[in-house]
file model_27.cif (mmCIF, C-alpha atoms)
data_entry
loop_
_atom_site.group_PDB
_atom_site.id
_atom_site.type_symbol
_atom_site.label_atom_id
_atom_site.label_comp_id
_atom_site.auth_asym_id
_atom_site.auth_seq_id
_atom_site.Cartn_x
_atom_site.Cartn_y
_atom_site.Cartn_z
ATOM 1 C CA MET A 1 -6.134 -20.806 -0.361
ATOM 2 C CA LYS A 2 -4.347 -20.880 2.980
ATOM 3 C CA ARG A 3 -1.446 -18.983 1.457
ATOM 4 C CA ARG A 4 -3.738 -16.247 0.132
ATOM 5 C CA ALA A 5 -5.476 -15.818 3.485
ATOM 6 C CA LEU A 6 -2.211 -15.571 5.380
ATOM 7 C CA PHE A 7 -0.952 -13.039 2.893
ATOM 8 C CA LEU A 8 -3.824 -10.670 3.602
ATOM 9 C CA LEU A 9 -2.647 -10.516 7.202
ATOM 10 C CA ALA A 10 0.870 -9.670 6.061
ATOM 11 C CA ALA A 11 -0.535 -6.884 3.885
ATOM 12 C CA LEU A 12 -1.717 -5.055 7.015
ATOM 13 C CA SER A 13 1.881 -4.147 7.821
ATOM 14 C CA ALA A 14 3.965 -1.585 5.984
ATOM 15 C CA THR A 15 5.158 -2.296 2.470
ATOM 16 C CA GLY A 16 8.501 -4.064 2.408
ATOM 17 C CA ALA A 17 11.806 -2.501 1.584
ATOM 18 C CA PHE A 18 14.839 -2.805 -0.624
ATOM 19 C CA ALA A 19 17.570 -5.115 0.601
ATOM 20 C CA GLY A 20 21.279 -5.448 -0.054
ATOM 21 C CA PRO A 21 24.397 -4.443 1.880
ATOM 22 C CA PRO A 22 24.052 -0.677 2.411
ATOM 23 C CA ALA A 23 27.032 1.633 2.143
ATOM 24 C CA THR A 24 25.296 3.919 4.642
ATOM 25 C CA ALA A 25 22.889 2.620 7.262
ATOM 26 C CA PRO A 26 19.314 3.777 6.652
ATOM 27 C CA GLY A 27 18.268 6.892 8.477
ATOM 28 C CA THR A 28 21.795 8.077 9.382
ATOM 29 C CA SER A 29 21.808 11.080 7.070
ATOM 30 C CA GLU A 30 19.442 13.892 6.193
ATOM 31 C CA ALA A 31 19.395 12.691 2.585
ATOM 32 C CA ALA A 32 18.390 9.173 3.632
ATOM 33 C CA THR A 33 15.566 10.616 5.720
ATOM 34 C CA ARG A 34 14.405 12.692 2.757
ATOM 35 C CA ALA A 35 14.370 9.605 0.573
ATOM 36 C CA ALA A 36 12.360 7.577 3.097
ATOM 37 C CA ASP A 37 9.891 10.438 3.611
ATOM 38 C CA ALA A 38 9.385 10.797 -0.135
ATOM 39 C CA ALA A 39 8.796 7.066 -0.570
ATOM 40 C CA LYS A 40 6.249 7.093 2.262
ATOM 41 C CA ALA A 41 4.433 10.097 0.788
ATOM 42 C CA PHE A 42 4.274 8.504 -2.658
ATOM 43 C CA SER A 43 3.030 5.167 -1.336
ATOM 44 C CA GLY A 44 0.359 6.838 0.789
ATOM 45 C CA ALA A 45 -0.889 9.053 -2.028
ATOM 46 C CA LEU A 46 -1.004 6.163 -4.493
ATOM 47 C CA ARG A 47 -2.840 3.919 -2.012
ATOM 48 C CA GLN A 48 -5.373 6.686 -1.458
ATOM 49 C CA ALA A 49 -5.933 7.145 -5.193
ATOM 50 C CA LEU A 50 -6.207 3.396 -5.832
ATOM 51 C CA GLY A 51 -8.541 2.846 -2.878
ATOM 52 C CA GLY A 52 -10.864 5.606 -4.038
ATOM 53 C CA ALA A 53 -10.846 4.326 -7.607
ATOM 54 C CA MET A 54 -11.573 0.757 -6.511
ATOM 55 C CA ALA A 55 -14.484 1.968 -4.402
ATOM 56 C CA GLU A 56 -15.937 4.053 -7.217
ATOM 57 C CA GLY A 57 -15.284 1.982 -10.326
ATOM 58 C CA GLY A 58 -13.653 -1.317 -9.409
ATOM 59 C CA PRO A 59 -10.399 -2.756 -10.803
ATOM 60 C CA ALA A 60 -10.756 -1.118 -14.232
ATOM 61 C CA ALA A 61 -10.775 2.295 -12.555
ATOM 62 C CA ALA A 62 -7.663 1.328 -10.577
ATOM 63 C CA VAL A 63 -5.891 0.455 -13.848
ATOM 64 C CA ALA A 64 -6.684 3.960 -15.100
ATOM 65 C CA VAL A 65 -5.166 5.429 -11.912
ATOM 66 C CA CYS A 66 -1.968 3.420 -12.381
ATOM 67 C CA HIS A 67 -1.762 4.542 -16.010
ATOM 68 C CA ASP A 68 -2.719 8.199 -15.640
ATOM 69 C CA GLU A 69 -2.365 9.289 -12.016
ATOM 70 C CA ALA A 70 0.648 7.364 -10.684
ATOM 71 C CA PRO A 71 3.189 9.235 -12.862
ATOM 72 C CA ARG A 72 1.677 12.581 -11.808
ATOM 73 C CA ILE A 73 1.811 11.565 -8.146
ATOM 74 C CA ALA A 74 5.481 10.637 -8.565
ATOM 75 C CA GLU A 75 6.228 14.012 -10.182
ATOM 76 C CA ARG A 76 4.416 15.924 -7.432
ATOM 77 C CA VAL A 77 6.099 14.049 -4.585
ATOM 78 C CA SER A 78 9.523 14.378 -6.254
ATOM 79 C CA ALA A 79 9.084 18.148 -6.500
ATOM 80 C CA GLU A 80 7.811 18.487 -2.921
ATOM 81 C CA HIS A 81 10.726 16.522 -1.449
ATOM 82 C CA GLY A 82 13.491 17.621 -3.813
ATOM 83 C CA VAL A 83 14.260 14.100 -5.045
ATOM 84 C CA ARG A 84 13.888 11.849 -8.082
ATOM 85 C CA LEU A 85 11.499 8.981 -7.529
ATOM 86 C CA GLY A 86 10.027 6.117 -9.519
ATOM 87 C CA ARG A 87 9.070 2.466 -9.696
ATOM 88 C CA VAL A 88 10.418 -0.368 -11.801
ATOM 89 C CA GLY A 89 9.153 -3.908 -11.983
ATOM 90 C CA VAL A 90 10.625 -7.325 -12.408
ATOM 91 C CA ARG A 91 8.359 -7.192 -15.447
ATOM 92 C CA SER A 92 7.148 -3.624 -15.899
ATOM 93 C CA ARG A 93 3.684 -2.972 -17.292
ATOM 94 C CA ASN A 94 4.482 0.632 -18.196
ATOM 95 C CA PRO A 95 7.207 0.917 -20.878
ATOM 96 C CA ALA A 96 8.229 4.242 -19.319
ATOM 97 C CA ASN A 97 9.367 2.358 -16.205
ATOM 98 C CA ARG A 98 12.330 0.776 -17.933
ATOM 99 C CA LEU A 99 14.496 -1.597 -15.956
ATOM 100 C CA GLU A 100 18.034 -0.314 -16.376
ATOM 101 C CA GLY A 101 21.127 0.906 -14.576
ATOM 102 C CA TRP A 102 21.475 0.445 -10.828
ATOM 103 C CA GLN A 103 17.822 -0.534 -10.380
ATOM 104 C CA LYS A 104 18.260 -3.423 -12.804
ATOM 105 C CA ALA A 105 21.446 -4.576 -11.074
ATOM 106 C CA LEU A 106 19.730 -4.538 -7.676
ATOM 107 C CA LEU A 107 16.685 -6.454 -8.823
ATOM 108 C CA GLN A 108 18.901 -9.067 -10.419
ATOM 109 C CA GLU A 109 20.810 -9.323 -7.148
ATOM 110 C CA TRP A 110 17.608 -9.851 -5.152
ATOM 111 C CA GLN A 111 16.345 -12.480 -7.546
ATOM 112 C CA ALA A 112 19.652 -14.361 -7.465
ATOM 113 C CA ARG A 113 20.213 -14.019 -3.688
ATOM 114 C CA PRO A 114 17.000 -12.927 -1.952
ATOM 115 C CA PRO A 115 17.308 -11.887 1.691
ATOM 116 C CA ALA A 116 15.539 -13.943 4.331
ATOM 117 C CA GLY A 117 11.810 -13.526 4.726
ATOM 118 C CA PRO A 118 9.204 -11.980 2.428
ATOM 119 C CA PRO A 119 10.045 -8.780 0.518
ATOM 120 C CA SER A 120 7.761 -6.785 2.822
ATOM 121 C CA GLN A 121 10.242 -7.432 5.644
ATOM 122 C CA TRP A 122 13.445 -6.554 3.809
ATOM 123 C CA ALA A 123 15.093 -3.549 5.421
ATOM 124 C CA PRO A 124 15.614 -0.392 3.332
ATOM 125 C CA ALA A 125 19.119 -0.027 1.967
ATOM 126 C CA VAL A 126 20.997 3.104 1.052
ATOM 127 C CA ARG A 127 23.951 3.341 -1.284
ATOM 128 C CA GLN A 128 26.182 6.331 -1.782
ATOM 129 C CA GLU A 129 27.684 6.952 -5.202
ATOM 130 C CA GLY A 130 29.524 10.231 -5.605
ATOM 131 C CA GLY A 131 27.222 13.036 -4.532
ATOM 132 C CA THR A 132 24.063 10.990 -5.037
ATOM 133 C CA LEU A 133 22.330 8.923 -2.409
ATOM 134 C CA ARG A 134 20.339 6.003 -3.820
ATOM 135 C CA TRP A 135 17.562 4.498 -1.720
ATOM 136 C CA ALA A 136 15.132 1.751 -2.629
ATOM 137 C CA ARG A 137 12.746 -0.763 -1.171
ATOM 138 C CA ALA A 138 11.209 -3.919 -2.529
ATOM 139 C CA ILE A 139 7.638 -3.995 -3.793
ATOM 140 C CA GLU A 140 5.914 -7.144 -2.644
ATOM 141 C CA THR A 141 2.935 -8.532 -4.543
ATOM 142 C CA GLU A 142 0.051 -7.795 -2.171
ATOM 143 C CA GLY A 143 -3.317 -9.521 -2.198
ATOM 144 C CA LEU A 144 -5.034 -6.730 -4.108
ATOM 145 C CA CYS A 145 -2.205 -6.655 -6.658
ATOM 146 C CA LEU A 146 -3.310 -10.100 -7.843
ATOM 147 C CA VAL A 147 -6.511 -8.632 -9.276
ATOM 148 C CA CYS A 148 -4.447 -6.944 -12.015
ATOM 149 C CA HIS A 149 -1.097 -8.756 -11.799
ATOM 150 C CA GLY A 150 -2.003 -12.310 -10.787
ATOM 151 C CA PRO A 151 -2.058 -15.568 -12.742
ATOM 152 C CA ARG A 152 -5.712 -15.179 -13.757
ATOM 153 C CA LEU A 153 -7.504 -11.984 -14.754
ATOM 154 C CA GLU A 154 -11.158 -11.332 -15.431
ATOM 155 C CA PRO A 155 -11.685 -11.099 -19.219
ATOM 156 C CA GLY A 156 -13.113 -7.567 -19.074
ATOM 157 C CA LEU A 157 -10.281 -6.350 -16.885
ATOM 158 C CA GLU A 158 -7.680 -8.000 -19.088
ATOM 159 C CA ALA A 159 -9.132 -6.176 -22.101
ATOM 160 C CA SER A 160 -8.931 -2.878 -20.218
ATOM 161 C CA ILE A 161 -5.280 -3.508 -19.367
ATOM 162 C CA ARG A 162 -4.413 -4.520 -22.931
ATOM 163 C CA ALA A 163 -6.025 -1.341 -24.263
ATOM 164 C CA ARG A 164 -3.493 0.721 -22.279
ATOM 165 C CA TYR A 165 -0.562 -1.709 -22.326
ATOM 166 C CA PRO A 166 -0.749 -3.803 -25.531
ATOM 167 C CA ASP A 167 2.442 -5.758 -24.746
ATOM 168 C CA ASP A 168 1.826 -6.123 -21.016
ATOM 169 C CA PRO A 169 4.193 -8.691 -19.404
ATOM 170 C CA ALA A 170 3.294 -7.896 -15.781
ATOM 171 C CA THR A 171 0.944 -10.772 -14.946
ATOM 172 C CA GLY A 172 1.439 -14.215 -13.433
ATOM 173 C CA PHE A 173 2.714 -12.989 -10.066
ATOM 174 C CA GLU A 174 1.964 -14.864 -6.855
ATOM 175 C CA ALA A 175 1.097 -13.254 -3.532
ATOM 176 C CA GLY A 176 4.210 -12.526 -1.507
ATOM 177 C CA SER A 177 6.561 -12.517 -4.496
ATOM 178 C CA LEU A 178 8.976 -9.741 -5.445
ATOM 179 C CA ARG A 179 7.307 -7.508 -8.031
ATOM 180 C CA GLY A 180 9.788 -4.664 -8.335
ATOM 181 C CA LEU A 181 11.196 -1.726 -6.410
ATOM 182 C CA LEU A 182 10.382 1.817 -5.408
ATOM 183 C CA TRP A 183 13.505 3.923 -5.803
ATOM 184 C CA VAL A 184 14.566 7.417 -4.734
ATOM 185 C CA GLU A 185 17.665 9.431 -5.658
ATOM 186 C CA VAL A 186 18.841 12.442 -3.654
ATOM 187 C CA ASP A 187 21.518 14.873 -4.827
ATOM 188 C CA GLU A 188 23.168 15.702 -1.526
ATOM 189 C CA ALA A 189 24.977 18.752 -2.881
ATOM 190 C CA ALA A 190 21.602 20.420 -3.447
ATOM 191 C CA GLY A 191 21.062 20.643 0.312
ATOM 192 C CA THR A 192 17.788 20.306 2.140
ATOM 193 C CA ALA A 193 14.793 20.973 -0.078
ATOM 194 C CA ALA A 194 11.520 22.275 1.264
ATOM 195 C CA ARG A 195 9.390 19.208 1.533
ATOM 196 C CA LEU A 196 6.026 18.116 2.800
ATOM 197 C CA SER A 197 6.668 15.814 5.736
ATOM 198 C CA GLU A 198 3.002 15.163 6.519
ATOM 199 C CA THR A 199 0.534 15.004 3.656
ATOM 200 C CA ARG A 200 -2.488 13.763 5.623
ATOM 201 C CA GLN A 201 -5.301 16.037 6.727
ATOM 202 C CA ALA A 202 -5.622 16.672 10.462
ATOM 203 C CA ILE A 203 -8.761 15.792 12.428
ATOM 204 C CA PRO A 204 -8.857 17.807 15.681
ATOM 205 C CA MET A 205 -10.002 15.650 18.622
ATOM 206 C CA ARG A 206 -10.013 15.771 22.383
ATOM 207 C CA GLU A 207 -7.631 13.289 23.966
ATOM 208 C CA THR A 208 -10.508 11.171 25.282
ATOM 209 C CA GLU A 209 -12.040 10.948 21.782
ATOM 210 C CA ALA A 210 -8.697 10.079 20.207
ATOM 211 C CA ALA A 211 -8.045 7.385 22.816
ATOM 212 C CA GLU A 212 -11.435 5.802 22.137
ATOM 213 C CA LEU A 213 -10.859 5.877 18.380
ATOM 214 C CA ARG A 214 -7.429 4.266 18.722
ATOM 215 C CA ALA A 215 -8.843 1.574 20.997
ATOM 216 C CA GLN A 216 -11.439 0.733 18.355
ATOM 217 C CA MET A 217 -8.739 0.601 15.682
ATOM 218 C CA ARG A 218 -6.668 -1.811 17.768
ATOM 219 C CA ALA A 219 -9.712 -4.021 18.284
ATOM 220 C CA HIS A 220 -10.374 -3.843 14.543
ATOM 221 C CA LEU A 221 -6.840 -5.025 13.744
ATOM 222 C CA GLU A 222 -7.209 -7.878 16.199
ATOM 223 C CA ARG A 223 -10.410 -8.948 14.415
ATOM 224 C CA LEU A 224 -8.623 -8.824 11.069
ATOM 225 C CA GLU A 225 -5.881 -11.041 12.471
ATOM 226 C CA GLY A 226 -8.542 -13.458 13.689
ATOM 227 C CA ILE A 227 -10.334 -13.425 10.343
ATOM 228 C CA THR A 228 -7.242 -14.242 8.313
ATOM 229 C CA ALA A 229 -6.138 -16.926 10.787
ATOM 230 C CA ALA A 230 -9.610 -18.512 10.710
ATOM 231 C CA LEU A 231 -9.689 -18.540 6.911
ATOM 232 C CA ALA A 232 -6.176 -19.978 6.788
ATOM 233 C CA ASN A 233 -7.276 -22.813 9.085
ATOM 234 C CA GLY A 234 -10.531 -23.467 7.231
ATOM 235 C CA ASP A 235 -12.717 -22.247 10.116
ATOM 236 C CA THR A 236 -15.212 -20.351 7.982
ATOM 237 C CA GLU A 237 -17.769 -20.180 10.793
ATOM 238 C CA ALA A 238 -15.394 -18.208 13.024
ATOM 239 C CA ALA A 239 -14.333 -16.021 10.103
ATOM 240 C CA ALA A 240 -17.963 -15.222 9.273
ATOM 241 C CA GLY A 241 -18.697 -14.213 12.864
ATOM 242 C CA LEU A 242 -15.716 -11.877 13.051
ATOM 243 C CA LEU A 243 -16.556 -10.386 9.646
ATOM 244 C CA GLU A 244 -20.110 -9.697 10.782
ATOM 245 C CA THR A 245 -18.756 -7.824 13.808
ATOM 246 C CA ALA A 246 -16.379 -5.834 11.590
ATOM 247 C CA ALA A 247 -19.243 -4.973 9.227
ATOM 248 C CA ALA A 248 -21.483 -3.736 12.043
ATOM 249 C CA GLY A 249 -18.922 -1.407 13.565
ATOM 250 C CA ARG A 250 -19.523 0.273 16.900
ATOM 251 C CA PRO A 251 -20.610 3.874 17.583
ATOM 252 C CA GLY A 252 -18.349 6.032 19.696
ATOM 253 C CA ARG A 253 -18.230 9.511 21.173
ATOM 254 C CA PHE A 254 -15.453 10.397 18.718
ATOM 255 C CA ARG A 255 -17.855 10.029 15.769
ATOM 256 C CA THR A 256 -19.078 13.629 15.968
ATOM 257 C CA ALA A 257 -15.498 14.852 15.494
ATOM 258 C CA LEU A 258 -15.030 12.950 12.232
ATOM 259 C CA PRO A 259 -15.325 14.894 8.945
ATOM 260 C CA GLU A 260 -17.669 13.702 6.217
ATOM 261 C CA GLY A 261 -14.677 12.720 4.089
ATOM 262 C CA TRP A 262 -13.816 10.043 6.645
ATOM 263 C CA PHE A 263 -17.029 8.197 5.853
ATOM 264 C CA ARG A 264 -16.162 8.119 2.143
ATOM 265 C CA PHE A 265 -13.804 5.324 3.154
ATOM 266 C CA ALA A 266 -15.640 3.951 6.208
ATOM 267 C CA ARG A 267 -18.946 3.218 4.464
ATOM 268 C CA PRO A 268 -17.534 1.100 1.608
ATOM 269 C CA MET A 269 -15.194 -0.595 4.099
ATOM 270 C CA HIS A 270 -18.122 -1.774 6.234
ATOM 271 C CA GLU A 271 -20.056 -2.766 3.099
ATOM 272 C CA ALA A 272 -17.107 -4.864 1.922
ATOM 273 C CA PHE A 273 -16.857 -6.554 5.325
ATOM 274 C CA GLY A 274 -20.576 -7.297 5.089
ATOM 275 C CA ALA A 275 -20.136 -8.805 1.628
ATOM 276 C CA ALA A 276 -17.250 -10.928 2.920
ATOM 277 C CA ALA A 277 -19.346 -12.102 5.885
ATOM 278 C CA ALA A 278 -22.184 -13.161 3.584
ATOM 279 C CA LYS A 279 -19.807 -15.282 1.476
ATOM 280 C CA ALA A 280 -17.483 -16.652 4.158
ATOM 281 C CA ARG A 281 -19.289 -19.939 4.842
ATOM 282 C CA ALA A 282 -19.589 -20.949 1.186
ATOM 283 C CA ASP A 283 -17.123 -19.092 -1.052
ATOM 284 C CA VAL A 284 -13.695 -18.412 0.428
ATOM 285 C CA PRO A 285 -12.164 -16.896 -2.762
ATOM 286 C CA ALA A 286 -15.017 -14.373 -2.967
ATOM 287 C CA THR A 287 -14.601 -13.704 0.758
ATOM 288 C CA LEU A 288 -10.913 -12.898 0.253
ATOM 289 C CA SER A 289 -11.753 -10.602 -2.642
ATOM 290 C CA SER A 290 -14.245 -8.621 -0.519
ATOM 291 C CA LEU A 291 -11.816 -8.598 2.401
ATOM 292 C CA GLY A 292 -9.144 -7.162 0.107
ATOM 293 C CA THR A 293 -11.557 -4.390 -0.924
ATOM 294 C CA ALA A 294 -12.166 -3.564 2.742
ATOM 295 C CA LEU A 295 -8.425 -3.410 3.455
ATOM 296 C CA ALA A 296 -7.910 -1.055 0.523
ATOM 297 C CA GLN A 297 -10.372 1.339 2.139
ATOM 298 C CA CYS A 298 -8.516 1.037 5.461
ATOM 299 C CA ASN A 299 -5.213 1.900 3.798
ATOM 300 C CA ALA A 300 -6.694 4.793 1.815
ATOM 301 C CA CYS A 301 -8.286 6.264 4.948
ATOM 302 C CA HIS A 302 -5.059 6.096 6.953
ATOM 303 C CA ALA A 303 -3.198 7.695 4.045
ATOM 304 C CA THR A 304 -5.667 10.606 3.996
ATOM 305 C CA TRP A 305 -6.400 11.458 7.646
ATOM 306 C CA ARG A 306 -4.524 11.825 10.939
ATOM 307 C CA VAL A 307 -5.759 12.597 14.445
ATOM 308 C CA GLU A 308 -4.493 15.755 16.106
ATOM 309 C CA THR A 309 -4.989 16.405 19.839
ATOM 310 C CA PRO A 310 -4.230 19.599 21.799
ATOM 311 C CA ARG A 311 -0.727 19.819 23.188
#

call {"tool": "encode", "arguments": {"input": "model_27.cif", "output": "structure tokens"}}
result
Amino acid sequence: MKRRALFLLAALSATGAFAGPPATAPGTSEAATRAADAAKAFSGALRQALGGAMAEGGPAAAVAVCHDEAPRIAERVSAEHGVRLGRVGVRSRNPANRLEGWQKALLQEWQARPPAGPPSQWAPAVRQEGGTLRWARAIETEGLCLVCHGPRLEPGLEASIRARYPDDPATGFEAGSLRGLLWVEVDEAAGTAARLSETRQAIPMRETEAAELRAQMRAHLERLEGITAALANGDTEAAAGLLETAAAGRPGRFRTALPEGWFRFARPMHEAFGAAAAKARADVPATLSSLGTALAQCNACHATWRVETPR
């Protein structure tokens, strides 16, 4: 249980990256920047879609997003950034995501000689082969991933997965383990493609409103750190108190500047924190599940909106 609680804290940071000795240091070329931007756009869009699906229909709806929407998101982002992009797994659920070629060689290398630290902390690596730049980062098994990819699945959810993937091998993962990679290929000879560098919607705010919002977000992250640390140390009383504060929220002057779409994520986030608070003193696994739901809403919101202040 301690391991699961600590992992939720790690999931607050950015998704980890592909390791291995790079032929070109990350970020030193326009093509490498394009690859990193495309990977970020794909991850953000997929998180948004999964968070919305989880809020509306639970894990079964998220499975449908992975099956139906994820390939379309990859196609859209690839076209917008002028790259080829995809995911492969150590054990891929989708037969279309075949493990072959350079992706297979890299995953085998990571499994045989993993870099230090968890996959979420592995630095991106870039390799140049002919006129193609190949970029990839590791996919770490996050807390929410365990709902559909963990050692134990709910019977109804398992049936839903089997209906779409009859020969599914992608279960049995542990939190923090390497689950696959997100890869991007850039044909450098094609030059700079028109690409969408910022996919989030802008929320105009005065500087004072934005500063207050950011201060609340920092305080919120500090509470989340306290919650996960308390759960990891078995202090359920402290965790419950912090969860109750997170569920209540705090009004601010910036609230009037927020669009209604913002609250599509904020309301279920606060509800999930409330559910976690109600369970914290007696049922830690259920608390972690509700906390994971709240974090999914956080990620989806940040992938959808950005604050814009006058210059």

call {"tool": "resolve_selection", "arguments": {"input": "model_27.cif", "expression": "the PyMOL selection byres ((chain A and resi 217-221) around 10)", "output": "PyMOL selection string"}}
result
chain A and resi 9+12+211-216+222-227+242+245-246+249

call {"tool": "residues_around", "arguments": {"input": "model_27.cif", "residues": "Leu181 of chain A", "least_positions_apart": "4", "cutoff": "6 Å", "atoms": "all atoms listed in the file", "output": "list in words"}}
result
Arg87, Val88, Arg137, Ala138 and Ile139 of chain A

call {"tool": "atom_distance", "arguments": {"input": "model_27.cif", "atom1": "atom CA of Ala280 of chain A", "atom2": "atom CA of Pro151 of chain A"}}
result
22.9 Å

call {"tool": "resolve_selection", "arguments": {"input": "model_27.cif", "expression": "the PyMOL selection byres ((chain A and resi 143) around 6)", "output": "NGL selection string"}}
result
:A and (8 or 142 or 144-146 or 175)

call {"tool": "residues_around", "arguments": {"input": "model_27.cif", "residues": "Val65 of chain A", "least_positions_apart": "5", "cutoff": "12 Å", "atoms": "all atoms listed in the file", "output": "number ranges by chain"}}
result
A: 45-54, 56-60, 70-73, 161, 164

call {"tool": "build_atoms", "arguments": {"input": "model_27.cif", "residues": "segment 223-247 of chain A", "atoms": "N, CA and C atoms", "output": "tab-separated table (two decimals), in the frame of the given file"}}
result
chain	number	residue	atom	x	y	z
A	223	ARG	N	-9.40	-8.18	15.15
A	223	ARG	CA	-10.41	-8.95	14.42
A	223	ARG	C	-9.88	-9.38	13.06
A	224	LEU	N	-9.17	-8.47	12.38
A	224	LEU	CA	-8.62	-8.82	11.07
A	224	LEU	C	-7.62	-9.97	11.19
A	225	GLU	N	-6.82	-9.94	12.25
A	225	GLU	CA	-5.88	-11.04	12.47
A	225	GLU	C	-6.65	-12.35	12.68
A	226	GLY	N	-7.73	-12.27	13.46
A	226	GLY	CA	-8.54	-13.46	13.69
A	226	GLY	C	-9.21	-13.96	12.42
A	227	ILE	N	-9.67	-13.04	11.59
A	227	ILE	CA	-10.33	-13.42	10.34
A	227	ILE	C	-9.37	-14.18	9.43
A	228	THR	N	-8.20	-13.61	9.23
A	228	THR	CA	-7.24	-14.24	8.31
A	228	THR	C	-6.76	-15.58	8.87
A	229	ALA	N	-6.55	-15.65	10.19
A	229	ALA	CA	-6.14	-16.93	10.79
A	229	ALA	C	-7.24	-17.97	10.64
A	230	ALA	N	-8.50	-17.57	10.84
A	230	ALA	CA	-9.61	-18.51	10.71
A	230	ALA	C	-9.73	-19.02	9.28
A	231	LEU	N	-9.61	-18.12	8.31
A	231	LEU	CA	-9.69	-18.54	6.91
A	231	LEU	C	-8.53	-19.47	6.56
A	232	ALA	N	-7.35	-19.15	7.08
A	232	ALA	CA	-6.18	-19.98	6.79
A	232	ALA	C	-6.35	-21.39	7.34
A	233	ASN	N	-7.07	-21.51	8.45
A	233	ASN	CA	-7.28	-22.81	9.09
A	233	ASN	C	-8.57	-23.48	8.67
A	234	GLY	N	-9.30	-22.87	7.73
A	234	GLY	CA	-10.53	-23.47	7.23
A	234	GLY	C	-11.72	-23.32	8.17
A	235	ASP	N	-11.62	-22.45	9.16
A	235	ASP	CA	-12.72	-22.25	10.12
A	235	ASP	C	-13.59	-21.11	9.60
A	236	THR	N	-14.41	-21.40	8.61
A	236	THR	CA	-15.21	-20.35	7.98
A	236	THR	C	-16.29	-19.82	8.92
A	237	GLU	N	-16.75	-20.63	9.85
A	237	GLU	CA	-17.77	-20.18	10.79
A	237	GLU	C	-17.22	-19.05	11.68
A	238	ALA	N	-16.01	-19.25	12.20
A	238	ALA	CA	-15.39	-18.21	13.02
A	238	ALA	C	-15.10	-16.96	12.21
A	239	ALA	N	-14.62	-17.17	10.97
A	239	ALA	CA	-14.33	-16.02	10.10
A	239	ALA	C	-15.60	-15.22	9.83
A	240	ALA	N	-16.71	-15.91	9.55
A	240	ALA	CA	-17.96	-15.22	9.27
A	240	ALA	C	-18.42	-14.39	10.47
A	241	GLY	N	-18.29	-14.95	11.67
A	241	GLY	CA	-18.70	-14.21	12.86
A	241	GLY	C	-17.89	-12.95	13.07
A	242	LEU	N	-16.58	-13.05	12.90
A	242	LEU	CA	-15.72	-11.88	13.05
A	242	LEU	C	-15.98	-10.85	11.97
A	243	LEU	N	-16.24	-11.30	10.74
A	243	LEU	CA	-16.56	-10.39	9.65
A	243	LEU	C	-17.87	-9.65	9.90
A	244	GLU	N	-18.85	-10.34	10.46
A	244	GLU	CA	-20.11	-9.70	10.78
A	244	GLU	C	-19.91	-8.59	11.82
A	245	THR	N	-19.06	-8.85	12.80
A	245	THR	CA	-18.76	-7.82	13.81
A	245	THR	C	-18.06	-6.63	13.18
A	246	ALA	N	-17.09	-6.91	12.27
A	246	ALA	CA	-16.38	-5.83	11.59
A	246	ALA	C	-17.33	-5.01	10.72
A	247	ALA	N	-18.29	-5.68	10.10
A	247	ALA	CA	-19.24	-4.97	9.23
A	247	ALA	C	-20.16	-4.07	10.04
